[in-house]
Amino acid sequence: MVNLKWKGKEEREDILSKNNETMHFQIHDIYPSINISPTSEQVWQNLLIRGENKAVMKVLLKKFENKITLIYIDPPFATGGDFNLKVQLGEEGKYLESIAYKDKWREGLDSYLNFLYERLVLMKILLAGKGSIYIHLDWHISHYIKLIMDEIFGIENFRNEIIWGYPAASVKTRRFFIRSYDTILFYSKSDDYIFNDDPNIYMEYSSRVKNALKKDEKGIFYYRGGSHNGKKLSRKVYIEQEGIFPRDVWNDIPYIRANTPEYQGFSTQKPERLLKRIILASTNEKDLVADFFCGSGTTLAVAEKLGRYWIGCDLNRHAIHITRKRILNISRSNDILNWKKRYCKDPENFQILSFEKKDTLISLPNVFLQKDVQDEKGYQTKEIPDLNVKIHQSNNKIMIELLDYIIPFNDLLADKIKENIKSFLDFIDYWAIDFNSQNNIFKAMWYSYRTPKVRVLPLKSDTYYYDKSGDYNILVKTIDIFGIESVKSYKIKII
């Protein structure tokens, strides 16, 4: 078998020998499902992890080796460009474009290949024996990664090179044919892998076939022609499925436009219906799905809707926050099995984790700053914004009102931000309350947030009722348009 060589390539044994035994996850937030009794024991909570994915996977190996049924990743493509996300401001929804991630590699292609190779080695170990991996790529890099996947997973476990074709955006070039597809490499871990013939993954018939379909008391049929002794004949052929089993060219799934309900403001966001086909084909209910470049959370949202467990990971704090809101708002999104209806179910319990770090600097990208304070790294500070609240208490009833949010670096902000900030509330994208904080773990018992389509954020929480007297610790958490978390603690007494 041909193996790809590049500068700095490590042996698989070396990758695994550099373990992360001293690293551990810190729980930042727990989101309890509204439809689950607080007395019930939850065996599993879905995991959304902020961190460098190589380090994250090494920690996950301790518990999840050979446990993940499906891994889908949409990694950088080595394009040499920057990819943006839209940071919306206030109720009007005006936005700035901030960098979601840089797809630039100082040491060139060698560093990119080593980056992805190391992670793919770890992913294979995490995959269950009947598991599969799908890698979403494009023309920049897919030919290199195909050789790497043959080396790691074995050429005998290559299943498909899927072409996802979509209408190209307007392109002015006339120097080459317009590129309008991505490549998805599909490998299994072994020859004994899950692959389902599920009617929900089927592709629609062509317009010609659909126009020929008819219906009678026996079902849906078409006329098949033929001849006998020179005479033209036709007979009814009844169909069992309203579509055809998918080929390896998928041209029936549109890409995400800004006016679509699922749009999250992420420039590389993938459609839910793309992940629907992959997850239904390669998993069963309650199987574990993982995405270690989760971005706007498409994989996790679809896994949630299809009754699968999930693990998501991203280094970008905005990506984690976008995914958090997307999961919390999932009941208002499209039903993945009936796209014209709402999903109408609350999410299952999930946790947000990260590695414990002290004295972490907050970095503000240059897009938020005045030009005279911009540098290569943006503005870095340890100053956390402060918030003021008022606690309205009547016997055992508590309601909390936001009064103010103070930005310590307000003088450094760009004019285009200040022009769109009408009040302190416009800085805040999300706020949540833990009415009974214990062990310094934030359990989001009430929360409110802005979405790309709904920009109004209330100043007052719902009323919370305590059923026992005693001393309680209330935590109020905010996340602002910069992605900065602020938490403040308040003591109350219930008589």
# chains A, B, ... in the order shown; residues from 1 in each chain; ligands from 1
$ select_by_dssp --residues "segment 32-245 of chain A" --states "helix (DSSP H, G or I)" --output "short mmCIF file (atom, residue, chain, number, x, y, z; two decimals) with C-alpha atoms, in the first residue's frame"
data_model
loop_
_atom_site.label_atom_id
_atom_site.label_comp_id
_atom_site.auth_asym_id
_atom_site.auth_seq_id
_atom_site.Cartn_x
_atom_site.Cartn_y
_atom_site.Cartn_z
CA ASN A 53 -9.69 18.76 19.96
CA LYS A 54 -6.50 16.70 20.05
CA ALA A 55 -6.20 17.25 23.81
CA VAL A 56 -9.95 16.69 24.24
CA MET A 57 -9.86 13.35 22.44
CA LYS A 58 -6.89 12.13 24.50
CA VAL A 59 -8.89 12.76 27.67
CA LEU A 60 -11.98 11.13 26.16
CA LEU A 61 -9.98 7.97 25.38
CA LYS A 62 -10.10 7.02 29.06
CA LYS A 63 -13.86 6.57 28.93
CA PHE A 64 -14.85 6.39 25.26
CA LEU A 109 0.87 21.67 3.70
CA ASP A 110 3.14 19.54 5.91
CA SER A 111 1.80 21.14 9.10
CA TYR A 112 -1.80 20.73 7.94
CA LEU A 113 -1.35 17.05 7.12
CA ASN A 114 0.29 16.41 10.48
CA PHE A 115 -2.52 18.29 12.23
CA LEU A 116 -5.23 16.15 10.69
CA TYR A 117 -3.29 12.88 10.77
CA GLU A 118 -2.78 13.06 14.54
CA ARG A 119 -6.47 13.63 15.11
CA LEU A 120 -7.61 10.88 12.74
CA VAL A 121 -5.42 8.38 14.60
CA LEU A 122 -7.24 9.28 17.82
CA MET A 123 -10.65 9.14 16.16
CA LYS A 124 -10.08 5.59 14.99
CA ILE A 125 -9.41 4.49 18.57
CA LEU A 126 -12.56 6.23 19.78
CA SER A 142 -9.33 15.51 -0.30
CA HIS A 143 -6.81 13.60 -2.44
CA TYR A 144 -4.18 13.80 0.31
CA ILE A 145 -6.61 12.81 3.06
CA LYS A 146 -7.82 9.81 1.03
CA LEU A 147 -4.28 8.35 1.20
CA ILE A 148 -4.03 9.11 4.92
CA MET A 149 -7.37 7.44 5.60
CA ASP A 150 -6.27 4.36 3.62
CA GLU A 151 -3.21 4.17 5.87
CA ILE A 152 -5.05 4.63 9.19
CA PHE A 153 -8.32 2.79 8.55
CA ILE A 155 -8.08 0.65 2.14
CA GLU A 156 -10.42 -2.33 2.64
CA ASN A 157 -12.57 -0.18 4.94
CA PRO A 199 -36.60 5.24 3.84
CA ASN A 200 -35.79 8.62 5.43
CA ILE A 201 -32.39 8.70 3.70
CA SER A 207 -39.01 15.39 -11.92
CA ARG A 208 -39.65 13.13 -14.92
CA VAL A 209 -40.42 10.16 -12.68
CA LYS A 210 -42.48 12.21 -10.21
CA ASN A 211 -44.62 13.57 -13.05
CA ALA A 212 -45.29 10.03 -14.21
#
$ residues_around --residues "segment 361-376 of chain A" --least-positions-apart "2" --cutoff "10 Å" --atoms "only C-alpha atoms" --output "ChimeraX atom specification"
/A:96-99,358-359,378-384,409-418,481-485
$ select_by_dssp --residues "segment 243-447 of chain A" --states "strand (DSSP E)" --output "PyMOL selection string"
chain A and resi 249-250+288-291+309-314+334-335+338-342+350-355+362-364+379-381+386-394+397-406+428-434+442-443+446-447
$ residues_around --residues "Pro167 of chain A" --least-positions-apart "2" --cutoff "10 Å" --atoms "only C-alpha atoms" --output "VMD selection string"
chain A and resid 165 169 to 170 179 to 181 251 253 to 255
$ closest_residue --among "A:Trp310, A:Tyr490, A:Tyr72, A:Trp250" --to "Lys286 of chain A" --atoms "only C-alpha atoms"
A:Trp310
